[in-house]
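Peer 1: Sharing final_14.txt here; it has compact mmCIF, C-alpha atoms.
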```
# COMPACT_ATOMS: atom_id res chain seq x y z
CA MET Y 1 37.50 187.77 13.67
CA ALA Y 2 35.77 191.02 12.85
CA ARG Y 3 33.03 190.71 10.33
CA THR Y 4 30.87 193.47 9.12
CA TRP Y 5 27.70 193.23 7.13
CA ASP Y 6 26.99 196.95 7.16
CA ASN Y 7 27.97 197.43 3.55
CA HIS Y 8 25.20 195.10 2.40
CA GLU Y 9 22.52 196.56 0.26
CA GLU Y 10 19.08 196.38 1.84
CA TYR Y 11 16.87 193.98 -0.07
CA GLU Y 12 13.61 195.43 -1.28
CA LEU Y 13 10.66 193.13 -1.00
CA THR Y 14 9.06 194.38 -4.14
CA SER Y 15 8.68 191.15 -6.04
CA LEU Y 16 6.78 189.38 -3.32
CA GLU Y 17 3.86 188.52 -5.50
CA ASP Y 18 1.59 185.57 -6.04
CA ALA Y 19 4.26 183.10 -7.03
CA PHE Y 20 5.92 183.27 -3.66
CA MET Y 21 2.96 183.83 -1.41
CA SER Y 22 2.82 181.37 1.42
CA GLU Y 23 -0.42 179.85 0.29
CA PHE Y 24 -1.27 176.46 1.63
CA LYS Y 25 -4.54 174.72 1.08
CA ILE Y 26 -5.97 171.37 1.99
CA ALA Y 27 -8.82 169.80 0.05
CA GLN Y 28 -10.46 166.75 1.55
CA ARG Y 29 -12.54 163.94 0.12
CA GLU Y 30 -13.38 160.37 0.85
CA THR Y 31 -13.05 157.47 -1.52
CA ASN Y 32 -14.05 153.92 -0.43
CA ASN Y 33 -13.73 154.78 3.23
CA VAL Y 34 -10.26 156.14 2.71
CA HIS Y 35 -9.83 159.79 3.55
CA VAL Y 36 -7.76 161.78 1.05
CA LEU Y 37 -6.03 165.07 1.89
CA GLU Y 38 -4.85 167.01 -1.12
CA LEU Y 39 -2.11 169.45 -0.20
CA LYS Y 40 -1.43 172.50 -2.26
CA GLY Y 41 1.27 175.15 -1.95
CA TYR Y 42 3.87 175.76 0.71
CA LEU Y 43 4.05 173.75 3.91
CA ASP Y 44 6.32 175.55 6.38
CA ALA Y 45 6.27 176.62 10.04
CA HIS Y 46 3.57 179.16 9.21
CA THR Y 47 1.19 176.78 7.46
CA ALA Y 48 1.94 173.51 9.31
CA PRO Y 49 -0.73 174.22 11.99
CA LYS Y 50 -3.37 173.92 9.25
CA LEU Y 51 -2.25 170.39 8.46
CA GLU Y 52 -2.04 169.58 12.15
CA GLU Y 53 -5.63 170.69 12.58
CA ALA Y 54 -6.75 168.58 9.61
CA PHE Y 55 -5.15 165.46 11.12
CA GLN Y 56 -6.63 166.23 14.54
CA ASN Y 57 -10.08 166.46 13.01
CA LEU Y 58 -9.65 163.17 11.19
CA LEU Y 59 -8.55 161.39 14.35
CA GLN Y 60 -11.39 162.90 16.35
CA SER Y 61 -13.89 161.60 13.82
CA GLU Y 62 -12.11 158.23 13.94
CA ARG Y 63 -10.87 158.27 10.40
CA TYR Y 64 -7.61 156.41 10.38
CA LYS Y 65 -7.18 155.40 6.74
CA ILE Y 66 -5.53 158.46 5.32
CA VAL Y 67 -3.91 159.20 1.97
CA VAL Y 68 -2.04 162.46 1.54
CA ASN Y 69 -1.83 163.47 -2.10
CA CYS Y 70 1.15 165.82 -2.57
CA LYS Y 71 0.64 166.52 -6.28
CA ASP Y 72 0.38 170.28 -5.80
CA LEU Y 73 2.66 170.54 -2.79
CA SER Y 74 5.44 172.90 -3.87
CA TYR Y 75 7.48 173.03 -0.71
CA ILE Y 76 7.94 171.31 2.62
CA SER Y 77 10.18 172.17 5.58
CA SER Y 78 10.82 170.24 8.78
CA ALA Y 79 7.80 171.90 10.39
CA GLY Y 80 5.62 170.09 7.86
CA LEU Y 81 7.50 166.81 8.23
CA GLY Y 82 7.04 167.07 11.99
CA VAL Y 83 3.26 167.01 11.55
CA PHE Y 84 3.43 163.63 9.81
CA MET Y 85 5.64 162.35 12.62
CA ALA Y 86 3.21 163.62 15.25
CA PHE Y 87 0.26 161.56 14.05
CA ILE Y 88 1.62 158.39 12.46
CA GLU Y 89 1.92 156.47 15.71
CA ASP Y 90 -1.64 157.19 16.85
CA VAL Y 91 -3.04 156.38 13.43
CA ARG Y 92 -1.23 153.02 13.29
CA LYS Y 93 -2.35 152.09 16.79
CA LYS Y 94 -5.86 152.24 15.38
CA GLN Y 95 -4.89 149.94 12.50
CA GLY Y 96 -4.85 152.86 10.11
CA ASP Y 97 -2.03 154.46 8.17
CA ILE Y 98 -0.91 157.68 6.53
CA LYS Y 99 0.18 156.95 2.96
CA LEU Y 100 1.75 159.57 0.75
CA THR Y 101 1.40 159.95 -3.00
CA ASN Y 102 2.31 162.04 -6.05
CA MET Y 103 5.32 163.82 -4.61
CA SER Y 104 7.41 166.05 -6.83
CA PRO Y 105 11.10 165.10 -6.86
CA LYS Y 106 11.86 168.25 -4.89
CA VAL Y 107 9.47 167.37 -2.07
CA TYR Y 108 10.48 163.70 -2.16
CA ASN Y 109 14.14 164.69 -1.73
CA VAL Y 110 13.37 166.34 1.61
CA PHE Y 111 11.50 163.27 2.85
CA ASP Y 112 14.32 161.09 1.59
CA LEU Y 113 17.03 163.16 3.24
CA LEU Y 114 15.45 162.40 6.60
CA GLY Y 115 14.87 158.72 5.88
CA PHE Y 116 11.10 159.06 5.92
CA PRO Y 117 10.59 156.49 3.14
CA LEU Y 118 11.57 153.91 5.78
CA ILE Y 119 8.42 154.52 7.79
CA TYR Y 120 5.94 155.95 5.30
CA GLU Y 121 4.64 154.18 2.24
CA ILE Y 122 5.03 156.53 -0.69
CA PHE Y 123 3.21 155.84 -3.95
CA ASN Y 124 3.41 157.37 -7.38
CA ASN Y 125 -0.33 157.65 -7.63
CA GLU Y 126 -3.28 157.91 -5.32
CA SER Y 127 -5.22 154.87 -6.52
CA ASP Y 128 -2.34 152.53 -5.65
CA ALA Y 129 -2.27 153.97 -2.14
CA VAL Y 130 -6.03 153.53 -1.73
CA LYS Y 131 -5.85 149.96 -3.07
CA LYS Y 132 -3.17 149.09 -0.53
CA PHE Y 133 -5.64 149.69 2.30
CA PHE Y 134 -7.96 147.10 0.83
CA GLU Y 135 -5.23 144.55 0.33
CA LYS Y 136 -4.51 144.81 4.02
CA ALA Y 137 -8.16 144.57 4.94
CA ARG Y 138 -8.63 141.23 3.24
CA MET C 1 26.51 188.73 -7.00
CA LYS C 2 25.99 191.79 -4.83
CA ALA C 3 25.99 191.55 -1.07
CA GLN C 4 22.46 192.04 0.26
CA LYS C 5 20.55 191.81 3.48
CA LEU C 6 16.97 191.40 4.59
CA ASN C 7 15.66 192.41 7.98
CA ILE C 8 12.42 190.79 9.11
CA GLU C 9 10.15 190.66 12.12
CA SER C 10 10.33 187.35 13.93
CA ARG C 11 7.13 185.87 12.53
CA THR C 12 6.50 182.67 10.60
CA ASP C 13 4.57 184.55 7.92
CA GLN C 14 7.88 186.20 7.01
CA LEU C 15 9.44 182.88 5.99
CA VAL C 16 8.10 183.24 2.48
CA ALA C 17 9.98 186.52 2.11
CA VAL C 18 13.13 184.90 3.48
CA ARG C 19 12.92 182.10 0.92
CA GLU C 20 12.30 184.56 -1.89
CA PHE C 21 15.24 186.73 -0.89
CA VAL C 22 17.67 183.83 -0.56
CA SER C 23 16.42 182.09 -3.70
CA GLN C 24 16.92 185.17 -5.84
CA ALA C 25 20.44 185.70 -4.52
CA ALA C 26 21.35 182.03 -5.01
CA LEU C 27 19.98 182.08 -8.56
CA GLU C 28 21.99 185.19 -9.29
CA PHE C 29 25.06 183.44 -7.91
CA GLY C 30 24.57 180.75 -10.52
CA PHE C 31 23.21 177.78 -8.60
CA THR C 32 20.90 175.26 -10.24
CA ASP C 33 17.22 175.19 -9.25
CA GLU C 34 17.89 172.15 -7.08
CA GLU C 35 20.71 173.87 -5.23
CA VAL C 36 18.64 177.02 -4.84
CA SER C 37 15.86 174.96 -3.22
CA LYS C 38 18.31 173.40 -0.79
CA ILE C 39 19.75 176.75 0.26
CA ALA C 40 16.28 178.30 0.69
CA LEU C 41 15.19 175.36 2.83
CA ALA C 42 18.31 175.55 5.02
CA VAL C 43 17.74 179.27 5.64
CA ASP C 44 14.03 178.69 6.33
CA GLU C 45 15.04 176.11 8.95
CA ALA C 46 17.54 178.48 10.57
CA CYS C 47 14.96 181.28 10.78
CA THR C 48 12.24 178.92 12.01
CA ASN C 49 14.54 177.81 14.84
CA ILE C 50 15.16 181.45 15.81
CA ILE C 51 11.45 182.36 15.71
CA LYS C 52 10.51 179.34 17.84
CA HIS C 53 13.44 178.92 20.18
CA ALA C 54 15.56 182.10 20.38
CA TYR C 55 12.63 184.54 20.35
CA LYS C 56 9.87 182.17 21.47
CA PHE C 57 7.38 183.67 19.00
CA ASP C 58 7.93 187.26 20.20
CA SER C 59 7.14 189.10 16.95
CA ARG C 60 8.65 192.39 18.20
CA GLN C 61 12.09 190.86 17.71
CA ARG C 62 14.00 190.97 14.46
CA ILE C 63 16.17 188.70 12.33
CA THR C 64 18.70 189.81 9.74
CA ILE C 65 19.62 187.59 6.83
CA SER C 66 22.66 188.59 4.75
CA VAL C 67 24.12 187.01 1.67
CA ARG C 68 27.44 187.52 -0.06
CA GLU C 69 30.07 185.81 -2.13
CA LYS C 70 33.07 184.74 -0.13
CA ASN C 71 36.06 182.90 -1.58
CA SER C 72 33.96 181.96 -4.62
CA ALA C 73 31.34 180.37 -2.38
CA PHE C 74 27.86 181.53 -1.37
CA GLU C 75 27.67 182.62 2.26
CA VAL C 76 24.54 183.41 4.18
CA SER C 77 24.48 184.80 7.68
CA ILE C 78 21.42 184.79 9.94
CA ARG C 79 21.61 186.99 13.01
CA ASP C 80 19.36 187.44 16.01
CA SER C 81 19.66 188.83 19.51
CA GLY C 82 17.49 186.23 21.19
CA LEU C 83 18.18 183.69 23.86
CA ARG C 84 21.59 182.15 23.58
CA PHE C 85 22.02 178.46 23.19
CA ASN C 86 24.85 176.04 22.85
CA PRO C 87 24.60 174.44 19.41
CA ASP C 88 26.75 171.56 20.65
CA GLU C 89 24.06 170.67 23.16
CA ILE C 90 21.34 170.38 20.54
CA GLU C 91 21.09 166.71 19.88
CA ILE C 92 21.27 165.92 16.20
CA PRO C 93 18.97 162.96 15.91
CA ASP C 94 20.23 159.55 14.96
CA MET C 95 17.74 159.15 12.13
CA LYS C 96 17.32 155.41 12.61
CA GLU C 97 16.48 155.85 16.28
CA TYR C 98 14.46 158.92 15.42
CA LEU C 99 12.25 157.07 13.01
CA THR C 100 11.91 154.06 15.28
CA TYR C 101 10.54 156.12 18.13
CA TYR C 102 8.70 158.72 16.04
CA ARG C 103 10.53 161.54 17.76
CA ARG C 104 10.02 165.18 16.88
CA GLY C 105 12.36 168.14 16.96
CA GLY C 106 15.97 168.63 15.93
CA LEU C 107 15.03 168.01 12.32
CA GLY C 108 15.79 171.60 11.31
CA MET C 109 19.40 171.53 12.35
CA TYR C 110 19.84 168.10 10.81
CA LEU C 111 18.51 169.45 7.51
CA MET C 112 20.72 172.55 7.62
CA LYS C 113 23.81 170.40 8.05
CA SER C 114 22.70 168.03 5.31
CA LEU C 115 21.81 170.73 2.80
CA MET C 116 24.78 173.10 3.21
CA ASP C 117 28.54 172.52 2.99
CA GLU C 118 29.39 174.47 6.15
CA VAL C 119 27.28 175.47 9.14
CA GLU C 120 28.94 177.50 11.86
CA TYR C 121 27.49 179.15 14.97
CA ASP C 122 28.76 182.27 16.67
CA ILE C 123 26.95 182.76 19.95
CA ARG C 124 27.67 185.96 21.87
CA PRO C 125 25.62 186.16 25.05
CA GLY C 126 23.72 189.42 25.38
CA LYS C 127 24.85 190.63 21.96
CA LYS C 128 24.21 188.78 18.76
CA ASN C 129 23.85 185.20 17.78
CA GLU C 130 24.88 184.33 14.27
CA VAL C 131 24.71 181.22 12.16
CA ARG C 132 26.77 181.25 8.99
CA MET C 133 26.18 178.73 6.27
CA VAL C 134 28.22 178.21 3.13
CA LYS C 135 27.42 176.45 -0.12
CA TYR C 136 30.21 175.84 -2.62
CA ARG C 137 29.78 176.16 -6.32
CA SER C 138 29.09 172.81 -7.91
CA ARG C 139 32.27 172.02 -9.86
```
So that I can check it, write out the structure of this file as structure tokens.

Peer 2:
Amino acid sequence: MARTWDNHEEYELTSLEDAFMSEFKIAQRETNNVHVLELKGYLDAHTAPKLEEAFQNLLQSERYKIVVNCKDLSYISSAGLGVFMAFIEDVRKKQGDIKLTNMSPKVYNVFDLLGFPLIYEIFNNESDAVKKFFEKAR
Amino acid sequence: MKAQKLNIESRTDQLVAVREFVSQAALEFGFTDEEVSKIALAVDEACTNIIKHAYKFDSRQRITISVREKNSAFEVSIRDSGLRFNPDEIEIPDMKEYLTYYRRGGLGMYLMKSLMDEVEYDIRPGKKNEVRMVKYRSR
């Protein structure tokens, strides 16, 4: 079947401004021995290595109680989901965990589509996730 | 909706432009924000697969993304001239097994098939590879 796309108008990338820039930032802090990563922006194949590096650093410094706050995470693709998959096993072997919080419905839907809520604990707010580590510790 | 295309270099920093292009076209077509997000994600996944697997991060290569209305549905085509592959040989993960063994990879194609109504590959060795995806109008 012959198909031609030659009559398509070339798209001009003129509106590629701040709103769509592939910004991704990670802020880190520690609360009661639990390490919190706050993700902001767009987590795709371009930005996923940043998150990978953050997890690597945590594991190297033997921090295994990790909460990932997704409040300002606007977007996630499978490249980002793959990072969570890459580290969860190692973290749990060390009696730690990666708990996720504050996801927007849009981001949650992607996790849900892949069945991730079956292996990750996802909380509405960060303090519940932090508390859960202490419940286990007792 | 007018038929449009975007030609990019095969680099992950171009994914943001891909999502913008597809989102604007899908909005113009009349999809809801939720549907627009799904389409943009599916196209991101298709391009990511090409950048990683077909072109193996060779940024001199190019990818063309085209959108148009076809039979009242939204059709997007993503073309590359990279390494051929047999889509039937890519194992779509059994998600239960996947999660049990913490496997990686194959998630992109799984998402594309979950997010779109049709996903079809046209692999022509030495010429062009094309993946066409269709999303129907809701109702």

Peer 1: Please tell me which residues are no farther than 12 Å from (-3.3, 153.8, 8.2) in the file, counting all atoms listed in the file, and write them as a PyMOL selection string.

Peer 2: chain Y and resi 33-36+58-59+62-68+87-100+119-121+129-130+132-134+136-137

Peer 1: For the atom pair atom CA of Pro49 of chain Y and atom CA of Asp58 of chain C, what is the interatomic distance in Å to one decimal place?

Peer 2: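 It comes out at 17.7 Å.
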
Peer 1: Quick one: which residues from chain C are at most 6 Å off chain Y, using all atoms listed in the file, as a list of chain:residue names?

Peer 2: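 The selection requested is C:Ala3, C:Gln4, C:Lys5, C:Leu6, C:Thr12, C:Asp13, C:Val16, C:Tyr102, C:Leu107, C:Gly108.
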
Peer 1: Considering all atoms listed in the file, state which residue in the set C:Glu130, C:Asp80, C:Glu69, C:Glu89 is at the smallest distance from Ala26 of chain C.

Peer 2: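 Looking at the shortest contact to Ala26 of chain C, the residue is C:Glu69.
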
Peer 1: Expressed in Å to a single decimal, how great is the separation between atom CA of Leu73 of chain Y and atom CA of Arg132 of chain C?

Peer 2: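 Calculated distance between atom CA of Leu73 of chain Y and atom CA of Arg132 of chain C is 28.9 Å.
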
Peer 1: Give the answer as one residue: which of Y:Gln56, Y:Ser104, Y:Asn69, Y:Ser61 has the shortest atom-to-atom distance to Arg29 of chain Y, using all atoms listed in the file?

Peer 2: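 Smallest distance to Arg29 of chain Y is found for Y:Asn69.
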
Peer 1: Quick one, how far is atom CA of Asn57 of chain Y from atom CA of Gln28 of chain Y?

Peer 2: 11.5 Å

Peer 1: For a cutoff of 6 Å around the file-coordinate point (22.8, 185.2, 3.2), which residues qualify once you count all atoms listed in the file? I'd like the result as a PyMOL selection string.

Peer 2: chain C and resi 65-67+75-77

Peer 1: For Ile63 of chain C, which of C:Arg124, C:Arg11, C:Leu27, C:Lys135 is the closest residue, counting only C-alpha atoms?

Peer 2: C:Arg11

Peer 1: Which residue, C:Asn7, C:Gln24, C:Thr48, C:Thr32, has the smallest gap to Ser138 of chain C when you use only C-alpha atoms?

Peer 2: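 The shortest atom-to-atom distance to Ser138 of chain C comes from C:Thr32.
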
Peer 1: Set the distance at 8 Å and use only C-alpha atoms: which residues neighbour Asn124 of chain Y once local chain neighbours fewer than 5 positions away are removed? I'd like the list as a ChimeraX atom specification.

Peer 2: /Y:101-103
